[in-house]
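Visitor: My structure file target39.csv, CSV, C-alpha atoms, is below:
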chain,number,residue,atom,x,y,z
A,23,MET,CA,-24.0,-57.1,-9.5
A,24,MET,CA,-24.2,-58.4,-13.0
A,25,LYS,CA,-23.2,-62.0,-13.6
A,26,ILE,CA,-21.6,-62.8,-16.9
A,27,LYS,CA,-20.7,-66.3,-18.0
A,28,VAL,CA,-18.8,-67.4,-21.1
A,29,LEU,CA,-19.6,-71.0,-22.0
A,30,GLY,CA,-17.1,-73.0,-23.9
A,31,SER,CA,-14.7,-75.8,-23.6
A,32,GLY,CA,-11.4,-74.1,-24.1
A,33,CYS,CA,-11.5,-73.8,-27.9
A,34,SER,CA,-9.7,-70.9,-29.4
A,35,LYS,CA,-13.0,-69.1,-30.3
A,36,CYS,CA,-14.1,-69.5,-26.6
A,37,GLU,CA,-11.0,-67.8,-25.4
A,38,ALA,CA,-11.5,-65.1,-28.0
A,39,LEU,CA,-15.0,-64.4,-26.7
A,40,LEU,CA,-13.8,-64.3,-23.1
A,41,ALA,CA,-11.2,-61.7,-24.0
A,42,VAL,CA,-13.6,-59.5,-25.8
A,43,THR,CA,-16.1,-59.8,-23.0
A,44,LYS,CA,-13.5,-58.7,-20.5
A,45,GLU,CA,-12.7,-55.8,-22.8
A,46,ALA,CA,-16.3,-54.7,-23.0
A,47,VAL,CA,-16.8,-54.9,-19.2
A,48,GLN,CA,-13.8,-52.8,-18.7
A,49,HIS,CA,-14.8,-50.3,-21.3
A,50,LEU,CA,-18.2,-49.8,-19.7
A,51,GLY,CA,-16.7,-49.7,-16.3
A,52,ILE,CA,-19.4,-51.9,-14.8
A,53,ASP,CA,-19.2,-54.0,-11.8
A,54,ALA,CA,-19.6,-57.6,-13.0
A,55,GLU,CA,-18.7,-61.0,-12.0
A,56,MET,CA,-17.1,-63.0,-14.8
A,57,LEU,CA,-17.2,-66.8,-15.0
A,58,ASP,CA,-15.7,-69.1,-17.5
A,59,VAL,CA,-17.9,-72.3,-17.7
A,60,THR,CA,-16.1,-75.2,-19.3
A,61,ASP,CA,-18.2,-78.1,-17.8
A,62,PHE,CA,-20.2,-79.7,-20.6
A,63,ALA,CA,-23.1,-80.7,-18.3
A,64,GLN,CA,-23.5,-77.1,-17.2
A,65,ILE,CA,-23.3,-75.9,-20.7
A,66,ALA,CA,-26.0,-78.3,-21.8
A,67,ARG,CA,-28.2,-77.0,-19.0
A,68,TYR,CA,-28.4,-73.7,-20.7
A,69,GLY,CA,-29.7,-75.3,-23.8
A,70,VAL,CA,-26.5,-74.2,-25.7
A,71,MET,CA,-25.3,-76.5,-28.4
A,72,SER,CA,-22.8,-74.3,-30.2
A,73,THR,CA,-20.0,-72.8,-28.2
A,74,PRO,CA,-18.8,-70.2,-27.4
A,75,ALA,CA,-22.0,-68.8,-25.8
A,76,LEU,CA,-22.5,-65.7,-23.7
A,77,VAL,CA,-24.8,-65.7,-20.7
A,78,VAL,CA,-25.8,-62.5,-18.9
A,79,ASP,CA,-27.7,-62.8,-15.6
A,80,GLU,CA,-28.5,-66.5,-16.5
A,81,LYS,CA,-30.0,-65.6,-19.9
A,82,VAL,CA,-28.3,-66.9,-23.0
A,83,VAL,CA,-27.8,-63.9,-25.2
A,84,SER,CA,-25.6,-65.4,-27.9
A,85,ALA,CA,-24.4,-68.8,-29.0
A,86,GLY,CA,-21.9,-70.1,-31.6
A,87,ARG,CA,-20.3,-66.7,-32.3
A,88,VAL,CA,-17.4,-64.6,-31.2
A,89,LEU,CA,-19.1,-61.2,-30.7
A,90,LYS,CA,-17.6,-57.8,-31.1
A,91,ALA,CA,-17.0,-55.7,-28.0
A,92,SER,CA,-19.7,-53.2,-29.1
A,93,GLN,CA,-22.2,-56.0,-29.5
A,94,ILE,CA,-21.4,-57.3,-26.0
A,95,GLU,CA,-21.8,-53.8,-24.6
A,96,SER,CA,-25.3,-53.6,-26.0
A,97,PHE,CA,-26.2,-56.7,-23.9
A,98,LEU,CA,-24.7,-55.3,-20.8
A,99,LYS,CA,-26.5,-52.0,-20.7
B,9,MET,CA,-23.6,-72.2,-71.0
B,10,TRP,CA,-23.4,-74.7,-68.2
B,11,LEU,CA,-20.0,-75.9,-69.4
B,12,PHE,CA,-18.8,-72.3,-69.4
B,13,ILE,CA,-19.9,-71.9,-65.7
B,14,GLN,CA,-18.3,-75.3,-64.8
B,15,ASN,CA,-15.0,-74.7,-66.6
B,16,GLN,CA,-14.4,-71.0,-66.5
B,17,ILE,CA,-16.2,-69.6,-63.4
B,18,LEU,CA,-15.9,-72.6,-61.1
B,19,GLY,CA,-13.0,-74.3,-62.7
B,20,MET,CA,-11.2,-71.1,-63.5
B,21,GLN,CA,-9.4,-72.3,-66.6
B,22,TRP,CA,-8.7,-68.7,-67.5
B,23,LEU,CA,-6.5,-68.6,-64.4
B,24,ASN,CA,-4.4,-71.5,-65.5
B,25,GLY,CA,-3.7,-69.6,-68.7
B,26,LEU,CA,-2.9,-66.5,-66.8
B,27,VAL,CA,-0.5,-68.4,-64.4
B,28,ALA,CA,1.2,-70.0,-67.5
B,29,ASP,CA,1.6,-66.6,-69.2
B,30,GLY,CA,3.1,-65.1,-66.0
B,31,LEU,CA,5.5,-68.0,-65.6
B,32,ILE,CA,6.6,-67.8,-69.2
B,33,TRP,CA,7.1,-64.0,-68.8
B,34,ALA,CA,9.2,-64.7,-65.8
B,35,GLY,CA,11.4,-66.9,-67.9
B,36,VAL,CA,10.1,-70.3,-66.5
B,37,ASP,CA,9.9,-73.2,-68.9
B,38,ILE,CA,6.4,-74.6,-68.1
B,39,GLU,CA,7.1,-77.6,-70.3
B,40,SER,CA,9.8,-78.7,-67.8
B,41,ARG,CA,8.9,-80.8,-64.8
B,42,LEU,CA,9.8,-78.1,-62.3
B,43,GLY,CA,8.0,-75.4,-64.3
B,44,GLY,CA,5.0,-77.7,-64.6
B,45,SER,CA,4.9,-78.4,-60.9
B,46,LEU,CA,5.2,-74.6,-60.2
B,47,GLN,CA,2.3,-73.9,-62.6
B,48,PHE,CA,0.1,-76.6,-61.0
B,49,PHE,CA,1.0,-75.3,-57.5
B,50,LEU,CA,0.3,-71.6,-58.2
B,51,TYR,CA,-2.9,-72.2,-60.2
B,52,ASP,CA,-4.3,-74.6,-57.6
B,53,VAL,CA,-3.4,-72.5,-54.5
B,54,ILE,CA,-5.0,-69.4,-56.1
B,55,LYS,CA,-8.0,-71.3,-57.4
B,56,ILE,CA,-8.8,-73.1,-54.2
B,57,THR,CA,-8.2,-70.1,-52.0
B,58,LEU,CA,-10.5,-68.0,-54.1
B,59,LEU,CA,-13.2,-70.7,-54.1
B,60,LEU,CA,-12.7,-71.2,-50.4
B,61,CYS,CA,-13.3,-67.5,-49.6
B,62,VAL,CA,-16.3,-67.1,-51.8
B,63,LEU,CA,-17.8,-70.4,-50.8
B,64,ILE,CA,-17.4,-70.2,-47.1
B,65,PHE,CA,-18.8,-66.7,-47.1
B,66,ALA,CA,-21.9,-67.7,-49.1
B,67,ILE,CA,-22.4,-70.9,-47.1
B,68,SER,CA,-21.9,-69.3,-43.7
B,69,TYR,CA,-24.6,-66.8,-44.7
B,70,ILE,CA,-27.0,-69.7,-45.4
B,71,GLN,CA,-25.8,-71.5,-42.3
B,72,SER,CA,-26.6,-68.6,-40.1
B,73,PHE,CA,-30.3,-69.5,-40.7
B,74,PHE,CA,-29.7,-73.0,-39.2
B,75,PRO,CA,-28.1,-72.8,-35.8
B,76,PRO,CA,-28.0,-76.3,-34.1
B,77,GLU,CA,-30.7,-75.2,-31.7
B,78,ARG,CA,-33.1,-74.7,-34.6
B,79,SER,CA,-32.0,-77.9,-36.3
B,80,ARG,CA,-32.7,-79.8,-33.2
B,81,LYS,CA,-36.2,-78.5,-33.1
B,82,ILE,CA,-36.8,-79.4,-36.7
B,83,MET,CA,-35.4,-82.9,-36.3
B,84,GLY,CA,-37.6,-83.4,-33.3
B,85,GLN,CA,-40.7,-83.1,-35.5
B,86,PHE,CA,-39.9,-86.1,-37.6
B,87,HIS,CA,-40.0,-89.8,-36.7
B,88,GLY,CA,-38.5,-93.0,-37.9
B,89,ILE,CA,-36.5,-92.9,-41.1
B,90,GLY,CA,-37.8,-89.5,-41.8
B,91,ALA,CA,-35.9,-88.1,-38.8
B,92,ASN,CA,-32.7,-89.8,-40.1
B,93,ILE,CA,-33.1,-88.2,-43.5
B,94,MET,CA,-33.8,-84.8,-41.9
B,95,GLY,CA,-30.7,-85.3,-39.6
B,96,ALA,CA,-28.5,-86.1,-42.6
B,97,LEU,CA,-29.9,-83.1,-44.6
B,98,LEU,CA,-29.6,-80.7,-41.7
B,99,GLY,CA,-26.0,-82.0,-41.1
B,100,THR,CA,-25.1,-80.5,-44.4
B,101,VAL,CA,-26.2,-76.9,-43.5
B,102,THR,CA,-25.7,-76.6,-39.8
B,103,PRO,CA,-22.4,-74.9,-38.9
B,104,PHE,CA,-20.4,-77.6,-37.3
B,105,CYS,CA,-16.9,-77.7,-35.8
B,106,SER,CA,-15.5,-80.7,-34.1
B,107,CYS,CA,-14.8,-78.6,-31.0
B,108,SER,CA,-18.5,-78.3,-30.4
B,109,SER,CA,-19.5,-81.9,-31.1
B,110,ILE,CA,-19.8,-82.7,-27.5
B,111,PRO,CA,-22.2,-79.9,-26.5
B,112,LEU,CA,-24.1,-80.7,-29.7
B,113,PHE,CA,-24.3,-84.4,-28.8
B,114,MET,CA,-25.5,-83.6,-25.3
B,115,GLY,CA,-28.0,-81.1,-26.7
B,116,PHE,CA,-29.5,-83.6,-29.1
B,117,THR,CA,-29.5,-86.5,-26.6
B,118,SER,CA,-31.0,-84.5,-23.7
B,119,ALA,CA,-33.8,-83.3,-26.0
B,120,GLY,CA,-34.7,-86.9,-26.5
B,121,LEU,CA,-33.6,-87.2,-30.2
B,122,PRO,CA,-33.0,-90.9,-31.0
B,123,LEU,CA,-29.3,-91.9,-31.1
B,124,GLY,CA,-29.6,-92.9,-34.7
B,125,VAL,CA,-30.8,-89.5,-35.8
B,126,THR,CA,-27.9,-87.9,-33.9
B,127,PHE,CA,-25.5,-90.2,-35.8
B,128,SER,CA,-27.1,-89.5,-39.2
B,129,PHE,CA,-26.3,-85.8,-38.4
B,130,LEU,CA,-22.8,-86.6,-37.2
B,131,ILE,CA,-21.9,-88.6,-40.2
B,132,SER,CA,-23.3,-86.3,-42.9
B,133,SER,CA,-22.0,-83.1,-41.2
B,134,PRO,CA,-18.3,-83.5,-42.0
B,135,MET,CA,-18.8,-85.8,-45.0
B,136,VAL,CA,-21.1,-83.7,-47.2
B,137,ASP,CA,-21.5,-80.0,-46.9
B,138,LEU,CA,-22.4,-77.3,-49.3
B,139,GLY,CA,-18.8,-76.3,-49.8
B,140,SER,CA,-17.8,-79.8,-50.9
B,141,LEU,CA,-20.7,-79.8,-53.4
B,142,VAL,CA,-19.6,-76.6,-55.2
B,143,LEU,CA,-15.9,-77.6,-54.9
B,144,LEU,CA,-16.6,-81.0,-56.5
B,145,ILE,CA,-18.6,-79.4,-59.3
B,146,SER,CA,-15.6,-77.1,-60.1
B,147,ILE,CA,-13.1,-80.0,-60.2
B,148,PHE,CA,-15.0,-83.1,-61.3
B,149,GLY,CA,-18.2,-81.7,-62.8
B,150,TYR,CA,-21.8,-81.7,-61.6
B,151,LYS,CA,-22.6,-85.4,-62.2
B,152,ILE,CA,-19.8,-86.6,-59.9
B,153,ALA,CA,-20.6,-83.9,-57.3
B,154,ALA,CA,-24.3,-84.8,-57.2
B,155,ALA,CA,-23.5,-88.5,-56.9
B,156,TYR,CA,-21.0,-87.8,-54.1
B,157,VAL,CA,-23.6,-85.9,-52.1
B,158,VAL,CA,-26.3,-88.5,-52.7
B,159,PHE,CA,-24.0,-91.4,-51.7
B,160,GLY,CA,-22.9,-89.4,-48.6
B,161,LEU,CA,-26.4,-88.8,-47.5
B,162,ILE,CA,-27.3,-92.5,-48.1
B,163,ILE,CA,-24.4,-93.5,-45.8
B,164,ALA,CA,-25.6,-91.1,-43.2
B,165,VAL,CA,-29.2,-92.2,-43.3
B,166,ILE,CA,-28.4,-96.0,-43.3
B,167,GLY,CA,-25.6,-95.6,-40.8
B,168,GLY,CA,-27.8,-93.8,-38.4
B,169,SER,CA,-30.6,-96.3,-38.8
B,170,VAL,CA,-28.3,-99.2,-38.2
B,171,ILE,CA,-27.0,-97.6,-35.0
B,172,GLU,CA,-30.7,-97.1,-34.0
B,173,ARG,CA,-31.5,-100.8,-34.6
B,174,MET,CA,-28.5,-101.9,-32.5
B,175,HIS,CA,-29.9,-100.2,-29.4
B,176,LEU,CA,-26.6,-98.8,-28.3
B,177,GLU,CA,-28.0,-96.1,-26.0
B,178,ASN,CA,-26.1,-97.5,-23.1
B,179,GLU,CA,-22.9,-97.0,-25.0
B,180,VAL,CA,-23.2,-93.2,-24.7
B,181,GLU,CA,-21.1,-91.9,-21.8
B,182,ASP,CA,-23.1,-91.4,-18.6
B,183,PHE,CA,-22.5,-87.7,-18.2
B,184,ILE,CA,-24.2,-87.1,-21.5
B,185,ARG,CA,-27.2,-89.3,-20.8
B,186,GLN,CA,-27.6,-87.7,-17.5
B,187,ALA,CA,-27.4,-84.2,-18.9
B,188,VAL,CA,-30.4,-82.1,-18.1
B,189,ALA,CA,-32.1,-80.7,-21.1
B,190,GLY,CA,-31.7,-77.0,-21.3
B,191,PRO,CA,-34.6,-74.8,-22.5
B,192,ASP,CA,-35.1,-74.4,-26.2
B,193,ILE,CA,-33.3,-71.2,-26.7
B,194,GLU,CA,-34.6,-69.2,-29.6
B,195,PRO,CA,-31.4,-67.6,-30.9
B,196,ALA,CA,-31.8,-63.9,-31.3
B,197,GLU,CA,-33.2,-62.9,-34.7
B,198,LEU,CA,-30.2,-61.8,-36.8
B,199,THR,CA,-30.2,-58.9,-39.1
B,200,VAL,CA,-28.7,-59.0,-42.5
B,201,ARG,CA,-25.7,-57.1,-41.2
B,202,ASP,CA,-25.3,-59.7,-38.4
B,203,ARG,CA,-25.4,-62.5,-40.9
B,204,LEU,CA,-22.9,-60.8,-43.2
B,205,SER,CA,-20.5,-60.2,-40.3
B,206,PHE,CA,-20.9,-63.8,-39.1
B,207,ALA,CA,-20.2,-65.0,-42.7
B,208,ARG,CA,-17.1,-62.7,-42.8
B,209,ASP,CA,-15.8,-64.0,-39.5
B,210,GLN,CA,-16.3,-67.6,-40.6
B,211,MET,CA,-14.5,-66.9,-43.8
B,212,THR,CA,-11.4,-65.4,-42.2
B,213,GLY,CA,-11.4,-68.0,-39.5
B,214,THR,CA,-11.7,-70.9,-41.9
B,215,PHE,CA,-9.1,-69.4,-44.2
B,216,LYS,CA,-6.6,-69.1,-41.4
B,217,LYS,CA,-7.3,-72.7,-40.2
B,218,VAL,CA,-7.4,-74.3,-43.6
B,219,PHE,CA,-4.7,-72.5,-45.6
B,220,PRO,CA,-1.8,-74.6,-44.4
B,221,TYR,CA,-3.7,-77.7,-45.4
B,222,ILE,CA,-4.3,-76.2,-48.8
B,223,LEU,CA,-0.6,-75.6,-49.2
B,224,ILE,CA,0.3,-79.1,-48.1
B,225,GLY,CA,-2.5,-80.6,-50.3
B,226,VAL,CA,-1.6,-78.7,-53.4
B,227,GLY,CA,2.1,-79.5,-52.7
B,228,ILE,CA,1.4,-83.2,-52.7
B,229,GLY,CA,-0.8,-82.7,-55.7
B,230,ALA,CA,1.9,-81.0,-57.6
B,231,LEU,CA,4.3,-83.8,-56.7
B,232,ILE,CA,1.9,-86.4,-58.0
B,233,HIS,CA,1.1,-84.3,-61.0
B,234,ASN,CA,4.7,-84.0,-62.3
B,235,TRP,CA,7.0,-86.4,-60.5
B,236,ILE,CA,5.2,-89.7,-59.7
B,237,PRO,CA,5.1,-92.0,-62.7
B,238,GLU,CA,1.6,-92.8,-64.1
B,239,THR,CA,2.2,-96.5,-64.0
B,240,MET,CA,2.8,-96.4,-60.3
B,241,VAL,CA,-0.5,-94.7,-59.6
B,242,GLU,CA,-2.3,-97.0,-62.0
B,243,THR,CA,-0.9,-100.0,-60.4
B,244,VAL,CA,-1.9,-99.0,-56.9
B,245,LEU,CA,-5.2,-97.1,-57.4
B,246,GLY,CA,-6.1,-97.9,-61.0
B,247,SER,CA,-8.1,-100.7,-62.6
B,248,GLN,CA,-5.4,-103.3,-62.2
B,249,ASN,CA,-5.8,-103.2,-58.4
B,250,GLN,CA,-9.1,-104.4,-57.2
B,251,TRP,CA,-8.1,-103.4,-53.6
B,252,GLY,CA,-7.5,-99.8,-54.6
B,253,VAL,CA,-10.7,-98.5,-53.0
B,254,ILE,CA,-10.0,-100.3,-49.7
B,255,LEU,CA,-6.5,-99.1,-49.6
B,256,ALA,CA,-7.4,-95.5,-50.3
B,257,THR,CA,-10.1,-95.6,-47.6
B,258,LEU,CA,-7.8,-97.0,-45.0
B,259,VAL,CA,-5.1,-94.5,-45.7
B,260,GLY,CA,-7.6,-91.7,-45.6
B,261,VAL,CA,-9.3,-92.5,-42.3
B,262,PRO,CA,-6.7,-91.4,-39.8
B,263,MET,CA,-5.7,-88.3,-41.7
B,264,TYR,CA,-7.0,-84.9,-40.7
B,265,ALA,CA,-7.6,-82.5,-43.4
B,266,ASP,CA,-10.2,-80.3,-44.9
B,267,ILE,CA,-11.9,-81.1,-48.2
B,268,PHE,CA,-10.1,-78.0,-49.6
B,269,GLY,CA,-6.8,-79.7,-48.8
B,270,THR,CA,-7.7,-83.1,-50.2
B,271,ILE,CA,-9.2,-82.0,-53.5
B,272,PRO,CA,-5.9,-81.1,-55.2
B,273,ILE,CA,-4.5,-84.6,-54.2
B,274,ALA,CA,-7.7,-86.2,-55.6
B,275,GLU,CA,-7.5,-84.2,-58.8
B,276,ALA,CA,-3.8,-85.1,-59.4
B,277,LEU,CA,-4.4,-88.8,-58.7
B,278,LEU,CA,-7.4,-88.9,-61.1
B,279,GLY,CA,-5.3,-87.3,-63.8
B,280,LYS,CA,-2.6,-90.0,-63.3
B,281,GLY,CA,-5.0,-92.8,-63.9
B,282,ALA,CA,-6.4,-93.6,-60.5
B,283,LEU,CA,-9.9,-94.9,-60.6
B,284,LEU,CA,-12.7,-92.5,-59.7
B,285,GLY,CA,-13.9,-94.7,-56.8
B,286,ALA,CA,-10.5,-94.9,-55.1
B,287,VAL,CA,-10.1,-91.1,-55.3
B,288,LEU,CA,-13.5,-90.3,-53.9
B,289,SER,CA,-13.3,-92.9,-51.2
B,290,PHE,CA,-10.0,-91.3,-50.1
B,291,MET,CA,-11.6,-87.9,-50.0
B,292,MET,CA,-14.6,-89.1,-48.1
B,293,ALA,CA,-12.5,-91.0,-45.6
B,294,VAL,CA,-10.2,-88.0,-44.9
B,295,THR,CA,-13.1,-85.6,-44.4
B,296,THR,CA,-15.4,-87.8,-42.4
B,297,LEU,CA,-13.1,-89.6,-40.0
B,298,SER,CA,-9.8,-88.4,-38.5
B,299,LEU,CA,-7.8,-89.3,-35.4
B,300,PRO,CA,-8.5,-85.9,-33.7
B,301,SER,CA,-12.2,-86.1,-34.3
B,302,LEU,CA,-12.4,-89.7,-33.1
B,303,ILE,CA,-10.5,-88.8,-29.9
B,304,LEU,CA,-13.0,-86.1,-29.3
B,305,LEU,CA,-16.0,-88.3,-30.0
B,306,ARG,CA,-14.6,-90.9,-27.6
B,307,LYS,CA,-15.3,-88.5,-24.8
B,308,ALA,CA,-19.0,-88.7,-25.6
B,309,VAL,CA,-19.4,-92.3,-26.5
B,310,LYS,CA,-17.9,-95.6,-25.2
B,311,PRO,CA,-15.5,-97.6,-27.3
B,312,LYS,CA,-18.1,-100.1,-28.6
B,313,LEU,CA,-20.3,-97.4,-30.1
B,314,LEU,CA,-17.2,-95.6,-31.4
B,315,GLY,CA,-16.1,-98.8,-33.1
B,316,VAL,CA,-19.6,-99.3,-34.6
B,317,PHE,CA,-19.5,-95.7,-35.9
B,318,VAL,CA,-16.1,-96.1,-37.5
B,319,ALA,CA,-17.0,-99.5,-39.0
B,320,ILE,CA,-20.2,-98.2,-40.5
B,321,CYS,CA,-18.4,-95.2,-42.1
B,322,VAL,CA,-15.5,-97.3,-43.4
B,323,VAL,CA,-17.8,-100.0,-44.9
B,324,GLY,CA,-20.1,-97.3,-46.3
B,325,ILE,CA,-17.2,-95.4,-47.9
B,326,ILE,CA,-15.7,-98.5,-49.4
B,327,LEU,CA,-19.1,-99.5,-50.9
B,328,VAL,CA,-19.5,-96.1,-52.3
B,329,GLY,CA,-16.0,-96.3,-53.8
B,330,TYR,CA,-16.9,-99.5,-55.7
B,331,GLY,CA,-20.2,-97.9,-56.7
B,332,PHE,CA,-18.3,-95.0,-58.2
B,333,ASN,CA,-15.9,-97.4,-60.0
B,334,ALA,CA,-18.9,-99.2,-61.5
B,335,LEU,CA,-20.5,-95.9,-62.6
B,336,ARG,CA,-17.4,-94.2,-63.8
B,337,TYR,CA,-18.2,-94.4,-67.5
B,338,VAL,CA,-21.5,-92.7,-66.9
B,339,LEU,CA,-20.1,-90.0,-64.6
B,340,LEU,CA,-16.8,-89.0,-66.2
Show the structure stored in the file as structure tokens.

Guide:
Amino acid sequence: MMKIKVLGSGCSKCEALLAVTKEAVQHLGIDAEMLDVTDFAQIARYGVMSTPALVVDEKVVSAGRVLKASQIESFLK
Amino acid sequence: MWLFIQNQILGMQWLNGLVADGLIWAGVDIESRLGGSLQFFLYDVIKITLLLCVLIFAISYIQSFFPPERSRKIMGQFHGIGANIMGALLGTVTPFCSCSSIPLFMGFTSAGLPLGVTFSFLISSPMVDLGSLVLLISIFGYKIAAAYVVFGLIIAVIGGSVIERMHLENEVEDFIRQAVAGPDIEPAELTVRDRLSFARDQMTGTFKKVFPYILIGVGIGALIHNWIPETMVETVLGSQNQWGVILATLVGVPMYADIFGTIPIAEALLGKGALLGAVLSFMMAVTTLSLPSLILLRKAVKPKLLGVFVAICVVGIILVGYGFNALRYVLL
């Protein structure tokens, strides 16, 4: 099962990314585990310095931007 | 030619004429106080909004080349004062929002960047950015804009170096010092289309966030412009008051506003006889320090370091203010 994490400390952009990611997962109909990581120490461990960031299967695919659903879907395929 | 760019394209003096014509056509007497305020308000809101949209778009496009991950790598290649200068310069082009200041702080610290370099970055990032440079050119002319940027960078470099010398590494909160450095992530190479869409998102996002402050700022500006007597401004912030710069700085520190919101106030105060140094100190203080950003930074550093940071910024801004006052005949 795919593991998707949204890294961000509760700012409005982070929530936006979380919502779009959920949308993308639903649209693709894939079975994925979604996690919302808000702990700064964990975020730092991914090497991320600009939130929100998207992590798919422990790989950082985007940082510092709210992606569009179509962009997220391309990372999930 | 340069004057044409400064006055008509960046300053949009044609717009002021257009607003005046529109108001006269609508039957408003622009010579009256209320009409004058209305003209100032409409002209400034439209002008600043237009500048904001164009500027943020262009700047975000440039910023998309400098994600913090890349800036960290660049800074890591420099040492001593060179690293501080690099930190201050990159602070002006790296996209920064106070909500990501903690991950940024952790990222810099865990990668082994000296504390002083991180602070050079943290001081210059809100104080001087590309947007403020262009905005200052349009309102005050290129000489003042250039001096503002140079002074801001000097504060950032010296401030960071002082913090470095004071060896305050223990004053960083433990969870940050213990953070494990993540790998250097190389952000995916962006296409031109990605950058354009990033720039557009930044523009609309910033516009939504900043527009209320523009309205408030221009409102206060219009009030000063037409309702507050010149003698009052002169007495408090003009040449008769040698404490004007200090007063302006201390008033500006706790305030939270964007440079786009402070500029109409600065512009109106200057027109009413406030000294250049007092006005620019006020702007620097508002943009660099604010209660919300200090509360956030307090999560990353202990009170002592926070105090040192605030003190350095305040002293630096006050000195710059007096510097501007001394240079005002050359700059204006």

Visitor: Figure out the distance between atom CA of B:Ile38 and atom CA of B:Thr270, please, to one decimal in Å.

Guide: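 Separation of atom CA of B:Thr270 and atom CA of B:Ile38: 24.3 Å.
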
Visitor: Rank B:Leu143, B:Ile271, B:Leu112, B:Leu314 by their smallest atom-to-atom distance to B:Leu60, using only C-alpha atoms, and report the top residue only.

Guide: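 Smallest separation from B:Leu60 among the options: B:Leu143.
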
Visitor: Show me, as a short mmCIF file (atom, residue, chain, number, x, y, z; two decimals) with C-alpha atoms, in the frame of the given file, the residues that have an atom within 9 Å of A:Val47 when counting all atoms listed in the file, minus same-chain residues fewer than 3 positions from it.

Guide:
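Dumped to part-v7.cif:
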data_model
loop_
_atom_site.label_atom_id
_atom_site.label_comp_id
_atom_site.auth_asym_id
_atom_site.auth_seq_id
_atom_site.Cartn_x
_atom_site.Cartn_y
_atom_site.Cartn_z
CA VAL A 42 -13.60 -59.50 -25.80
CA THR A 43 -16.10 -59.80 -23.00
CA LYS A 44 -13.50 -58.70 -20.50
CA LEU A 50 -18.20 -49.80 -19.70
CA GLY A 51 -16.70 -49.70 -16.30
CA ILE A 52 -19.40 -51.90 -14.80
CA ASP A 53 -19.20 -54.00 -11.80
CA ALA A 54 -19.60 -57.60 -13.00
CA ALA A 91 -17.00 -55.70 -28.00
CA ILE A 94 -21.40 -57.30 -26.00
CA GLU A 95 -21.80 -53.80 -24.60
CA LEU A 98 -24.70 -55.30 -20.80
#

Visitor: Env of stretch 60-71 of chain A: 9 Å cut, atoms = only C-alpha atoms, seq-sep filter 2 positions within chain, self excluded. Answer as a VMD selection string.

Guide: (chain A and resid 28 to 32 58 73 to 75 77 80 to 82 85 to 86) or (chain B and resid 75 to 77 108 to 116 118 183 to 184 186 to 193)

Visitor: Quote the spacing between atom CA of B:Phe268 and atom CA of B:Phe65 in Å to one decimal place.

Guide: 14.5 Å

Visitor: Kindly give the distance, in Å, that separates atom CA of B:Ile326 and atom CA of B:Gln71, rounded to a single decimal.

Guide: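 Atom-to-atom, atom CA of B:Ile326 to atom CA of B:Gln71, that is 29.7 Å.
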
Visitor: Between A:Ala46, A:Val83, A:Met24, A:Met56, which one has atoms that come closest to chain B, using all atoms listed in the file?

Guide: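 Among the listed residues, the smallest separation from chain B belongs to A:Val83.
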
Visitor: Taking only C-alpha atoms into account, name the residue in B:Ala319, B:Met292, B:Gly260, B:Val241 that is nearest to B:Lys280.

Guide: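 For B:Lys280, the nearest of the given residues is B:Val241.
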
Visitor: Would you list the residues near (-25.4, -98.3, -29.9), meaning any protein, DNA or RNA residue with an atom at most 9 Å from that point in file coordinates, counting all atoms listed in the file, as a ChimeraX atom specification?

Guide: /B:123-124,170-180,312-314,316-317

Visitor: Leaving out B:Gly225 and any residue of its chain fewer than 5 positions from it, which residues lie within 10 Å of it when counting only C-alpha atoms, given as a PyMOL selection string?

Guide: chain B and resi 49+52-53+219-220+230-231+265-274

Visitor: Excluding A:Arg87 and any residue of its chain fewer than 5 positions from it, enumerate the residues within 10 Å of it, using all atoms listed in the file, and give them as a ChimeraX atom specification.

Guide: /A:35-36,38-39,72-76 /B:206,209-210

Visitor: Hey, can you pull every residue with an atom no more than 12 Å from (-14.9, -80.3, -48.6), using all atoms listed in the file, and send it as a ChimeraX atom specification?

Guide: /B:56,59-60,63-64,100,132-147,153,156-157,214,218,221-222,265-272,274,288,291-296

Visitor: Using all atoms listed in the file, which of A:Ser84, A:Leu40, A:Leu57, A:Ser92 sits nearest chain B?

Guide: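 Looking only at the distances to chain B, the closest residue turns out to be A:Ser84.
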
Visitor: Kindly indicate which residue among B:Leu26, B:Leu304, B:Leu278, B:Ile93 lies nearest to chain A, using all atoms listed in the file for the distances.

Guide: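 Of B:Leu26, B:Leu304, B:Leu278, B:Ile93, the one nearest chain A is B:Leu304, counting all atoms listed in the file.
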
Visitor: Would you kindly return, as a list in words, each protein, DNA or RNA residue with an atom no farther than 10 Å from any atom of B:Gly331, considering all atoms listed in the file and excluding same-chain residues fewer than 4 positions away?

Guide: Ala155, Phe159, Leu284, Gly285, Ile325, Ile326, Leu327, Leu335 and Arg336 of chain B

Visitor: For the residues selected in the previous step, produce a file with C-alpha atoms as a PDB file, keeping the file's coordinate frame.

Guide:
ATOM      1  CA  ALA B 155     -23.500 -88.500 -56.900  1.00  0.00           C
ATOM      2  CA  PHE B 159     -24.000 -91.400 -51.700  1.00  0.00           C
ATOM      3  CA  LEU B 284     -12.700 -92.500 -59.700  1.00  0.00           C
ATOM      4  CA  GLY B 285     -13.900 -94.700 -56.800  1.00  0.00           C
ATOM      5  CA  ILE B 325     -17.200 -95.400 -47.900  1.00  0.00           C
ATOM      6  CA  ILE B 326     -15.700 -98.500 -49.400  1.00  0.00           C
ATOM      7  CA  LEU B 327     -19.100 -99.500 -50.900  1.00  0.00           C
ATOM      8  CA  LEU B 335     -20.500 -95.900 -62.600  1.00  0.00           C
ATOM      9  CA  ARG B 336     -17.400 -94.200 -63.800  1.00  0.00           C
TER      10      ARG B 336
END
